[in-house]
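S.K.: Next up, input_14.csv (CSV, C-alpha atoms).
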chain,number,residue,atom,x,y,z
Y,804,MET,CA,-13.3,105.1,-32.6
Y,805,SER,CA,-16.4,102.8,-32.4
Y,806,THR,CA,-19.6,103.5,-30.5
Y,807,THR,CA,-18.6,100.9,-27.8
Y,808,GLU,CA,-15.3,102.7,-27.1
Y,809,ILE,CA,-17.0,106.1,-26.9
Y,810,LEU,CA,-19.6,104.6,-24.4
Y,811,PHE,CA,-16.8,103.0,-22.4
Y,812,TRP,CA,-14.9,106.3,-22.0
Y,813,VAL,CA,-18.0,108.3,-21.2
Y,814,LEU,CA,-19.1,105.8,-18.6
Y,815,SER,CA,-15.5,105.6,-17.2
Y,816,VAL,CA,-15.3,109.4,-16.8
Y,817,LEU,CA,-18.8,109.5,-15.3
Y,818,ALA,CA,-17.9,106.8,-12.8
Y,819,LEU,CA,-14.6,108.4,-11.8
Y,820,PHE,CA,-16.1,111.9,-11.5
Y,821,SER,CA,-19.0,110.6,-9.5
Y,822,ALA,CA,-16.7,108.6,-7.2
Y,823,ILE,CA,-14.6,111.6,-6.5
Y,824,MET,CA,-17.8,113.6,-5.8
Y,825,VAL,CA,-18.8,110.9,-3.3
Y,826,LEU,CA,-15.7,111.7,-1.4
Y,827,VAL,CA,-15.6,115.5,-1.8
Y,828,SER,CA,-19.3,116.2,-1.1
Y,829,LYS,CA,-19.9,117.8,2.4
Y,830,ASN,CA,-23.5,116.8,2.5
Y,831,PRO,CA,-24.0,113.0,3.1
Y,832,ILE,CA,-27.2,112.9,1.1
Y,833,HIS,CA,-25.4,114.3,-1.9
Y,834,SER,CA,-22.7,111.6,-1.4
Y,835,VAL,CA,-25.3,108.9,-1.5
Y,836,LEU,CA,-26.8,110.4,-4.7
Y,837,TRP,CA,-23.4,110.5,-6.4
Y,838,LEU,CA,-22.9,106.9,-5.3
Y,839,ILE,CA,-26.1,106.0,-7.2
Y,840,VAL,CA,-24.6,107.6,-10.3
Y,841,VAL,CA,-21.5,105.5,-9.8
Y,842,PHE,CA,-23.6,102.3,-9.6
Y,843,PHE,CA,-25.5,103.2,-12.8
Y,844,ALA,CA,-22.2,103.9,-14.6
Y,845,ILE,CA,-20.9,100.5,-13.5
Y,846,SER,CA,-24.1,98.9,-14.7
Y,847,GLY,CA,-23.4,100.5,-18.1
Y,848,HIS,CA,-20.0,98.9,-18.1
Y,849,TYR,CA,-21.7,95.5,-17.4
Y,850,LEU,CA,-24.0,96.1,-20.3
Y,851,LEU,CA,-21.0,96.8,-22.6
Y,852,LEU,CA,-19.4,93.5,-21.4
Y,853,ASN,CA,-22.7,91.7,-22.4
Y,854,ALA,CA,-23.4,90.8,-18.8
Y,855,GLN,CA,-27.1,91.9,-18.6
Y,856,PHE,CA,-27.8,89.9,-15.5
Y,857,LEU,CA,-25.1,91.6,-13.5
Y,858,ALA,CA,-26.2,95.0,-14.8
Y,859,ILE,CA,-29.8,94.5,-13.7
Y,860,VAL,CA,-28.8,93.0,-10.3
Y,861,ASN,CA,-26.4,95.9,-9.7
Y,862,MET,CA,-29.2,98.4,-10.5
Y,863,ILE,CA,-31.9,96.7,-8.4
Y,864,VAL,CA,-29.8,95.6,-5.4
Y,865,TYR,CA,-27.2,98.3,-5.1
Y,866,ALA,CA,-28.6,101.4,-6.7
Y,867,GLY,CA,-32.1,100.5,-5.4
Y,868,ALA,CA,-32.2,98.7,-2.1
Y,869,ILE,CA,-28.8,99.5,-0.6
Y,870,MET,CA,-29.0,103.2,-1.5
Y,871,VAL,CA,-32.5,103.5,0.0
Y,872,LEU,CA,-31.1,101.9,3.2
Y,873,PHE,CA,-28.2,104.3,3.2
Y,874,LEU,CA,-30.5,107.3,2.8
Y,875,PHE,CA,-32.7,106.1,5.7
Y,876,VAL,CA,-29.7,105.6,8.0
Y,877,ILE,CA,-28.3,109.0,7.1
Y,878,MET,CA,-31.7,110.7,7.7
Y,879,LEU,CA,-32.2,108.8,11.0
Y,880,MET,CA,-28.7,109.8,12.3
Y,881,ASN,CA,-29.5,113.5,11.7
Y,882,LEU,CA,-26.0,114.5,11.0
Y,883,ASN,CA,-25.3,118.2,11.9
Y,884,LYS,CA,-22.1,120.2,12.1
Y,885,GLU,CA,-22.6,120.6,15.8
Y,886,THR,CA,-22.8,116.9,16.5
Y,887,GLU,CA,-19.9,115.9,14.3
Y,888,PRO,CA,-16.8,115.1,16.4
Y,889,GLN,CA,-13.6,116.9,15.6
Y,890,ARG,CA,-10.8,114.7,14.4
Y,891,ASN,CA,-7.5,115.1,16.0
Y,892,ILE,CA,-4.2,115.3,14.2
Y,893,TRP,CA,-3.3,111.6,14.7
Y,894,MET,CA,-6.5,110.5,12.9
Y,895,LYS,CA,-5.7,112.7,10.0
Y,896,PHE,CA,-2.1,111.5,9.9
Y,897,PHE,CA,-3.1,107.8,9.9
Y,898,GLY,CA,-5.7,108.6,7.2
Y,899,VAL,CA,-3.0,110.0,5.0
Y,900,VAL,CA,-0.6,107.1,5.7
Y,901,SER,CA,-3.2,104.5,4.9
Y,902,GLY,CA,-4.3,106.3,1.7
Y,903,GLY,CA,-0.6,106.5,0.7
Y,904,LEU,CA,-0.2,102.7,1.3
Y,905,LEU,CA,-3.3,102.0,-0.7
Y,906,PHE,CA,-1.9,104.2,-3.5
Y,907,THR,CA,1.4,102.3,-3.4
Y,908,VAL,CA,-0.4,98.9,-3.6
Y,909,LEU,CA,-2.5,100.1,-6.6
Y,910,VAL,CA,0.6,101.4,-8.4
Y,911,SER,CA,2.5,98.2,-7.8
Y,912,ALA,CA,-0.4,96.2,-9.1
Y,913,LEU,CA,-0.6,98.3,-12.2
Y,914,ARG,CA,3.1,97.9,-12.8
Y,915,SER,CA,2.9,94.1,-12.4
Y,916,SER,CA,0.0,94.0,-14.9
Y,917,GLN,CA,2.0,95.7,-17.7
Y,918,ASP,CA,2.5,92.3,-19.4
Y,919,MET,CA,-1.3,92.0,-19.8
Y,920,ILE,CA,-1.6,95.1,-22.0
Y,921,GLY,CA,-2.5,94.3,-25.5
Y,922,LYS,CA,-3.8,90.8,-24.8
Y,923,THR,CA,-7.5,90.1,-25.2
Y,924,VAL,CA,-9.7,87.4,-23.7
Y,925,GLU,CA,-11.1,85.1,-26.3
Y,926,THR,CA,-14.5,83.5,-25.8
Y,927,ASN,CA,-16.3,81.0,-27.9
Y,928,SER,CA,-19.4,83.1,-28.3
Y,929,GLY,CA,-20.8,86.5,-27.4
Y,930,ASP,CA,-23.3,85.2,-24.9
Y,931,ALA,CA,-21.0,84.6,-22.0
Y,932,GLY,CA,-22.9,86.8,-19.5
Y,933,LEU,CA,-26.5,86.0,-20.4
Y,934,ILE,CA,-29.1,84.9,-17.9
Y,935,GLU,CA,-29.8,81.7,-19.9
Y,936,ASN,CA,-26.2,80.5,-19.4
Y,937,LEU,CA,-26.2,81.5,-15.8
Y,938,GLY,CA,-29.4,79.5,-15.2
Y,939,LYS,CA,-28.1,76.4,-16.9
Y,940,VAL,CA,-25.0,76.4,-14.9
Y,941,LEU,CA,-26.8,77.2,-11.6
Y,942,PHE,CA,-29.4,74.5,-11.9
Y,943,THR,CA,-27.2,71.8,-13.3
Y,944,GLU,CA,-23.7,72.0,-11.9
Y,945,TYR,CA,-24.5,74.0,-8.8
Y,946,ALA,CA,-28.0,72.7,-7.9
Y,947,LEU,CA,-27.1,71.3,-4.5
Y,948,PRO,CA,-25.2,74.4,-3.2
Y,949,PHE,CA,-28.0,76.6,-4.5
Y,950,GLU,CA,-30.6,74.6,-2.6
Y,951,ILE,CA,-28.4,74.5,0.6
Y,952,SER,CA,-28.0,78.3,0.4
Y,953,SER,CA,-31.8,78.7,0.0
Y,954,VAL,CA,-32.4,76.6,3.1
Y,955,LEU,CA,-29.8,78.7,5.0
Y,956,PHE,CA,-31.5,81.9,3.9
Y,957,LEU,CA,-34.9,80.6,5.0
Y,958,SER,CA,-33.6,79.5,8.4
Y,959,ALA,CA,-32.0,83.0,8.8
Y,960,MET,CA,-35.3,84.7,8.0
Y,961,VAL,CA,-37.1,82.5,10.5
Y,962,GLY,CA,-34.4,83.2,13.1
Y,963,ALA,CA,-34.7,87.0,12.5
Y,964,VAL,CA,-38.5,86.8,13.0
Y,965,VAL,CA,-38.1,84.8,16.2
Y,966,ILE,CA,-35.5,87.2,17.6
Y,967,GLY,CA,-37.5,90.3,16.6
Y,968,LYS,CA,-40.8,88.9,18.0
Y,969,LYS,CA,-41.8,90.5,21.3
Y,970,ASP,CA,-42.8,88.2,24.2
Rewrite the coordinates I just gave you, this time as structure tokens.

M.R.:
Amino acid sequence: MSTTEILFWVLSVLALFSAIMVLVSKNPIHSVLWLIVVFFAISGHYLLLNAQFLAIVNMIVYAGAIMVLFLFVIMLMNLNKETEPQRNIWMKFFGVVSGGLLFTVLVSALRSSQDMIGKTVETNSGDAGLIENLGKVLFTEYALPFEISSVLFLSAMVGAVVIGKKD
């Protein structure tokens, strides 16, 4: 077994365990902290796939900014046992039914992908996920959509400032 395979299995077990802990944890702060561990494990998988840009963006955007936002929202909501509404039997029933349907879809997708086992994707080189290649494609083939999206983001920022500005 190579080092890459060992790292893959360690990161996979860490990601699955942390994801289960997100669901099982009673304290919402602990759930957010376990979700950060999931994001770091996924970033490790991106590094194993030689996609350094995705790994860094995942750590900065999700494990950094989004999780800080989640923590602030949870702390501002001040979740207590007394304020938590009691779920009735129908909500629990529909939760179990929807979870069962999701499980059925996942099992059927796994069964339909059995013909893909053993096949590997061949690439011309080992630098498929590098930032240099992403930059070349982004600023040559997709230069116009990139500029249009930057203008849209700028107009959205100006609109947010105008809406948020007090009279």

S.K.: As a VMD selection string, please: the residues near Asn861 (chain Y) (cut-off 9 Å, only C-alpha atoms, same-chain neighbours under 4 positions excluded).

M.R.: chain Y and resid 842 to 843 845 to 846 856 to 857 865 to 867

S.K.: For the residues in the current selection, export C-alpha atoms as a PDB file, keeping the file's coordinate frame.

M.R.:
ATOM      1  CA  PHE Y 842     -23.600 102.300  -9.600  1.00  0.00           C
ATOM      2  CA  PHE Y 843     -25.500 103.200 -12.800  1.00  0.00           C
ATOM      3  CA  ILE Y 845     -20.900 100.500 -13.500  1.00  0.00           C
ATOM      4  CA  SER Y 846     -24.100  98.900 -14.700  1.00  0.00           C
ATOM      5  CA  PHE Y 856     -27.800  89.900 -15.500  1.00  0.00           C
ATOM      6  CA  LEU Y 857     -25.100  91.600 -13.500  1.00  0.00           C
ATOM      7  CA  TYR Y 865     -27.200  98.300  -5.100  1.00  0.00           C
ATOM      8  CA  ALA Y 866     -28.600 101.400  -6.700  1.00  0.00           C
ATOM      9  CA  GLY Y 867     -32.100 100.500  -5.400  1.00  0.00           C
TER      10      GLY Y 867
END

S.K.: Work out how far CA of Ser834 (chain Y) is from CA of Val876 (chain Y), in Å to one decimal.

M.R.: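 Separation between CA of Val876 (chain Y) and CA of Ser834 (chain Y): 13.2 Å.
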
S.K.: Which residue gives the smallest distance to Ile934 (chain Y) among Y:Ile859, Y:Ala844, Y:Leu826, Y:Met804, with only C-alpha atoms counted?

M.R.: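 The shortest atom-to-atom distance to Ile934 (chain Y) comes from Y:Ile859.
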
S.K.: Can you tell me how far CA of Ser952 (chain Y) sits from CA of Leu937 (chain Y), in Å to one decimal?

M.R.: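 Here the two named atoms are 16.6 Å from each other.
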
S.K.: Would you compute the distance between CA of Ala822 (chain Y) and CA of Val835 (chain Y)? Give it in Å to one decimal.

M.R.: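 Computed distance, CA of Ala822 (chain Y) to CA of Val835 (chain Y), equals 10.3 Å.
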
S.K.: Using all atoms listed in the file, list the residues that have an atom at most 12 Å from (-25.9, 91.2, -16.1), coordinates as in the file, as a short mmCIF file (atom, residue, chain, number, x, y, z; two decimals) with C-alpha atoms, keeping the file's coordinate frame.

M.R.:
data_model
loop_
_atom_site.label_atom_id
_atom_site.label_comp_id
_atom_site.auth_asym_id
_atom_site.auth_seq_id
_atom_site.Cartn_x
_atom_site.Cartn_y
_atom_site.Cartn_z
CA ILE Y 845 -20.90 100.50 -13.50
CA SER Y 846 -24.10 98.90 -14.70
CA GLY Y 847 -23.40 100.50 -18.10
CA HIS Y 848 -20.00 98.90 -18.10
CA TYR Y 849 -21.70 95.50 -17.40
CA LEU Y 850 -24.00 96.10 -20.30
CA LEU Y 851 -21.00 96.80 -22.60
CA LEU Y 852 -19.40 93.50 -21.40
CA ASN Y 853 -22.70 91.70 -22.40
CA ALA Y 854 -23.40 90.80 -18.80
CA GLN Y 855 -27.10 91.90 -18.60
CA PHE Y 856 -27.80 89.90 -15.50
CA LEU Y 857 -25.10 91.60 -13.50
CA ALA Y 858 -26.20 95.00 -14.80
CA ILE Y 859 -29.80 94.50 -13.70
CA VAL Y 860 -28.80 93.00 -10.30
CA ASN Y 861 -26.40 95.90 -9.70
CA MET Y 862 -29.20 98.40 -10.50
CA ILE Y 863 -31.90 96.70 -8.40
CA ASP Y 930 -23.30 85.20 -24.90
CA ALA Y 931 -21.00 84.60 -22.00
CA GLY Y 932 -22.90 86.80 -19.50
CA LEU Y 933 -26.50 86.00 -20.40
CA ILE Y 934 -29.10 84.90 -17.90
CA GLU Y 935 -29.80 81.70 -19.90
CA ASN Y 936 -26.20 80.50 -19.40
CA LEU Y 937 -26.20 81.50 -15.80
#
